[in-house]
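Participant: What follows is run.cif; its format and atoms are mmCIF, N, CA and C atoms and all ligand atoms.
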```cif
data_entry
#
loop_
_atom_site.label_atom_id
_atom_site.label_comp_id
_atom_site.auth_asym_id
_atom_site.auth_seq_id
_atom_site.Cartn_x
_atom_site.Cartn_y
_atom_site.Cartn_z
N MET A 1 30.75 8.22 51.96
CA MET A 1 31.71 7.67 52.93
C MET A 1 31.39 6.19 53.18
N PRO A 2 32.38 5.33 53.00
CA PRO A 2 32.11 3.89 53.17
C PRO A 2 31.66 3.57 54.59
N GLN A 3 30.71 2.67 54.67
CA GLN A 3 30.17 2.29 55.98
C GLN A 3 30.39 0.83 56.31
N VAL A 4 30.53 0.00 55.27
CA VAL A 4 30.75 -1.42 55.51
C VAL A 4 31.91 -1.89 54.64
N ALA A 5 32.54 -2.97 55.06
CA ALA A 5 33.69 -3.49 54.35
C ALA A 5 33.64 -5.01 54.31
N PHE A 6 34.36 -5.55 53.34
CA PHE A 6 34.39 -6.99 53.15
C PHE A 6 35.75 -7.39 52.61
N GLU A 7 36.29 -8.51 53.12
CA GLU A 7 37.54 -9.06 52.60
C GLU A 7 37.25 -10.49 52.14
N CYS A 8 37.62 -10.77 50.91
CA CYS A 8 37.33 -12.09 50.33
C CYS A 8 37.98 -13.21 51.15
N ARG A 9 39.15 -12.96 51.70
CA ARG A 9 39.83 -14.02 52.43
C ARG A 9 39.06 -14.46 53.68
N SER A 10 38.13 -13.62 54.16
CA SER A 10 37.35 -14.01 55.33
C SER A 10 36.42 -15.18 55.01
N LEU A 11 36.22 -15.48 53.72
CA LEU A 11 35.44 -16.65 53.34
C LEU A 11 36.32 -17.88 53.17
N GLY A 12 37.61 -17.71 53.29
CA GLY A 12 38.52 -18.84 53.16
C GLY A 12 39.19 -18.93 51.80
N PHE A 13 38.90 -17.97 50.92
CA PHE A 13 39.57 -17.98 49.62
C PHE A 13 40.99 -17.42 49.76
N PRO A 14 41.93 -17.98 49.02
CA PRO A 14 43.28 -17.39 49.00
C PRO A 14 43.28 -16.19 48.07
N CYS A 15 42.68 -15.13 48.52
CA CYS A 15 42.37 -14.00 47.65
C CYS A 15 42.50 -12.72 48.47
N GLU A 16 43.17 -11.73 47.91
CA GLU A 16 43.42 -10.49 48.65
C GLU A 16 42.39 -9.41 48.32
N TRP A 17 41.36 -9.78 47.55
CA TRP A 17 40.37 -8.79 47.14
C TRP A 17 39.56 -8.31 48.36
N ALA A 18 39.36 -7.02 48.43
CA ALA A 18 38.59 -6.43 49.51
C ALA A 18 37.89 -5.19 48.98
N LEU A 19 36.80 -4.80 49.62
CA LEU A 19 36.15 -3.57 49.20
C LEU A 19 35.38 -2.95 50.35
N LYS A 20 35.05 -1.68 50.13
CA LYS A 20 34.19 -0.97 51.06
C LYS A 20 33.00 -0.44 50.28
N GLY A 21 31.88 -0.30 50.97
CA GLY A 21 30.68 0.22 50.31
C GLY A 21 29.81 0.96 51.30
N SER A 22 28.72 1.51 50.77
CA SER A 22 27.87 2.32 51.63
C SER A 22 26.76 1.51 52.28
N SER A 23 26.53 0.29 51.79
CA SER A 23 25.49 -0.54 52.40
C SER A 23 25.82 -2.01 52.20
N THR A 24 25.23 -2.85 53.04
CA THR A 24 25.44 -4.29 52.91
C THR A 24 24.99 -4.78 51.55
N ASN A 25 23.85 -4.29 51.06
CA ASN A 25 23.35 -4.75 49.77
C ASN A 25 24.28 -4.36 48.63
N GLU A 26 24.84 -3.18 48.70
CA GLU A 26 25.77 -2.75 47.66
C GLU A 26 27.00 -3.65 47.65
N VAL A 27 27.54 -3.91 48.84
CA VAL A 27 28.71 -4.78 48.93
C VAL A 27 28.37 -6.18 48.44
N LEU A 28 27.21 -6.66 48.82
CA LEU A 28 26.79 -8.01 48.42
C LEU A 28 26.73 -8.12 46.90
N ASP A 29 26.20 -7.11 46.23
CA ASP A 29 26.15 -7.12 44.77
C ASP A 29 27.54 -7.23 44.17
N ARG A 30 28.47 -6.47 44.73
CA ARG A 30 29.83 -6.48 44.18
C ARG A 30 30.56 -7.77 44.53
N VAL A 31 30.23 -8.37 45.67
CA VAL A 31 30.82 -9.66 46.01
C VAL A 31 30.33 -10.72 45.02
N ARG A 32 29.04 -10.66 44.69
CA ARG A 32 28.49 -11.60 43.69
C ARG A 32 29.25 -11.48 42.37
N GLU A 33 29.48 -10.23 41.95
CA GLU A 33 30.19 -9.98 40.70
C GLU A 33 31.62 -10.52 40.78
N HIS A 34 32.26 -10.26 41.91
CA HIS A 34 33.63 -10.74 42.11
C HIS A 34 33.68 -12.27 42.11
N ALA A 35 32.71 -12.90 42.77
CA ALA A 35 32.68 -14.37 42.82
C ALA A 35 32.54 -14.95 41.41
N ARG A 36 31.73 -14.28 40.59
CA ARG A 36 31.51 -14.74 39.22
C ARG A 36 32.79 -14.61 38.41
N CYS A 37 33.44 -13.45 38.50
CA CYS A 37 34.61 -13.17 37.66
C CYS A 37 35.86 -13.87 38.18
N ALA A 38 36.07 -13.87 39.48
CA ALA A 38 37.35 -14.30 40.02
C ALA A 38 37.32 -15.72 40.56
N HIS A 39 36.14 -16.21 40.93
CA HIS A 39 36.09 -17.52 41.56
C HIS A 39 35.21 -18.51 40.82
N ASN A 40 34.89 -18.16 39.55
CA ASN A 40 34.19 -19.10 38.68
C ASN A 40 32.87 -19.57 39.30
N MET A 41 32.14 -18.64 39.90
CA MET A 41 30.87 -18.94 40.55
C MET A 41 29.77 -18.14 39.89
N PRO A 42 29.11 -18.72 38.88
CA PRO A 42 28.03 -17.98 38.21
C PRO A 42 26.95 -17.52 39.18
N GLU A 43 26.67 -18.37 40.17
CA GLU A 43 25.73 -18.00 41.23
C GLU A 43 26.41 -18.28 42.57
N VAL A 44 26.20 -17.39 43.51
CA VAL A 44 26.71 -17.64 44.85
C VAL A 44 25.88 -18.77 45.48
N PRO A 45 26.52 -19.86 45.91
CA PRO A 45 25.76 -20.96 46.53
C PRO A 45 24.98 -20.47 47.75
N SER A 46 23.80 -21.04 47.95
CA SER A 46 22.92 -20.54 49.03
C SER A 46 23.56 -20.73 50.40
N ASP A 47 24.45 -21.71 50.54
CA ASP A 47 25.08 -21.89 51.85
C ASP A 47 26.21 -20.89 52.08
N LEU A 48 26.67 -20.26 50.99
CA LEU A 48 27.74 -19.28 51.14
C LEU A 48 27.19 -17.88 51.46
N LEU A 49 25.97 -17.64 51.03
CA LEU A 49 25.38 -16.31 51.19
C LEU A 49 25.37 -15.82 52.64
N PRO A 50 24.90 -16.64 53.61
CA PRO A 50 24.93 -16.15 55.01
C PRO A 50 26.35 -15.90 55.50
N LYS A 51 27.33 -16.65 54.96
CA LYS A 51 28.72 -16.43 55.37
C LYS A 51 29.22 -15.08 54.84
N ILE A 52 28.81 -14.75 53.63
CA ILE A 52 29.19 -13.44 53.09
C ILE A 52 28.55 -12.34 53.92
N GLN A 53 27.27 -12.51 54.21
CA GLN A 53 26.57 -11.48 55.00
C GLN A 53 27.20 -11.33 56.38
N ALA A 54 27.63 -12.46 56.97
CA ALA A 54 28.26 -12.40 58.28
C ALA A 54 29.63 -11.75 58.22
N ALA A 55 30.27 -11.88 57.05
CA ALA A 55 31.65 -11.37 56.91
C ALA A 55 31.67 -9.87 56.60
N ILE A 56 30.55 -9.32 56.16
CA ILE A 56 30.46 -7.89 55.90
C ILE A 56 30.37 -7.19 57.25
N HIS A 57 31.30 -6.27 57.48
CA HIS A 57 31.41 -5.67 58.81
C HIS A 57 31.51 -4.15 58.68
N PRO A 58 31.26 -3.43 59.75
CA PRO A 58 31.37 -1.98 59.71
C PRO A 58 32.79 -1.56 59.30
N ALA A 59 32.86 -0.55 58.43
CA ALA A 59 34.17 -0.10 57.95
C ALA A 59 34.87 0.73 59.04
ZN ZN A 101 38.10 -13.29 45.90
#
```
The structure in this file should be written as structure tokens.

Facilitator:
Amino acid sequence: MPQVAFECRSLGFPCEWALKGSSTNEVLDRVREHARCAHNMPEVPSDLLPKIQAAIHPA
């Protein structure tokens, strides 16, 4: 059962991608993958990481 959720647009991207996961770390891994594939970000910038963590919220 999903426990946390994330919406890409909460970071300011014009992107409708969203997901739910069972833990913050799981969601973070998938956000990294999405950023690489969809937003041309081989690595998530260190200043963006806390914003992603802050944007992950209870589902
Ligand atoms: Zn996105």

Participant: Within 8 Å of ligand ZN 101 (chain A), counting all atoms listed in the file, which protein or nucleic acid residues do you find, written as a list in words?

Facilitator: Glu7, Cys8, Arg9, Phe13, Pro14, Cys15, Glu16, Trp17, Ala18, His34, Ala35, Ala38 and His39 of chain A

Participant: Using only C-alpha atoms, which residue out of A:Arg30, A:Lys51, A:Arg36, A:Lys20 lies closest to Phe6 of chain A?

Facilitator: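 Smallest separation from Phe6 of chain A among the options: A:Lys20.
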
Participant: Considering only C-alpha atoms, can you say which of A:Ala54, A:Val44, A:Leu28, A:Ala59 comes closest to Pro2 of chain A?

Facilitator: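 So, comparing all the options, the nearest one is A:Ala59.
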
Participant: Grab the atom CA of Gln53 of chain A to atom CA of Thr24 of chain A distance for me, in Å with one decimal place.

Facilitator: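 Separating atom CA of Gln53 of chain A from atom CA of Thr24 of chain A is a distance of 7.6 Å.
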
Participant: To one decimal place, how far is atom N of Ser22 of chain A from atom CA of Pro42 of chain A in Å?

Facilitator: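 These two atoms are separated by 23.2 Å.
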
Participant: For atom N of His57 of chain A and atom CA of Val4 of chain A, determine how far apart the two atoms are, in Å to one decimal place.

Facilitator: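 These atoms are spaced 5.3 Å apart.
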
Participant: Would you list, as a list in words, the residues of chain A that end up in helix (DSSP H, G or I) under DSSP run on this structure's backbone?

Facilitator: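 Checking each residue of chain A, the helix (DSSP H, G or I) ones are Cys8, Arg9, Ser10, Leu11, Thr24, Asn25, Glu26, Val27, Leu28, Asp29, Arg30, Val31, Arg32, Glu33, His34, Ala35, Arg36, Cys37, Ala38, Leu49, Pro50, Lys51, Ile52, Gln53, Ala54 and Ala55 of chain A.
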
Participant: List every residue of chain A that DSSP, applied to the backbone of this structure, assigns to strand (DSSP E), and report them as a PyMOL selection string.

Facilitator: chain A and resi 4-7+18-21+57-58

Participant: Pick out the closest residue to Ser10 of chain A from this set: A:Ile52, A:Glu26, A:Glu33, A:Pro58. Count only N, CA and C atoms.

Facilitator: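 Looking at the shortest contact to Ser10 of chain A, the residue is A:Ile52.
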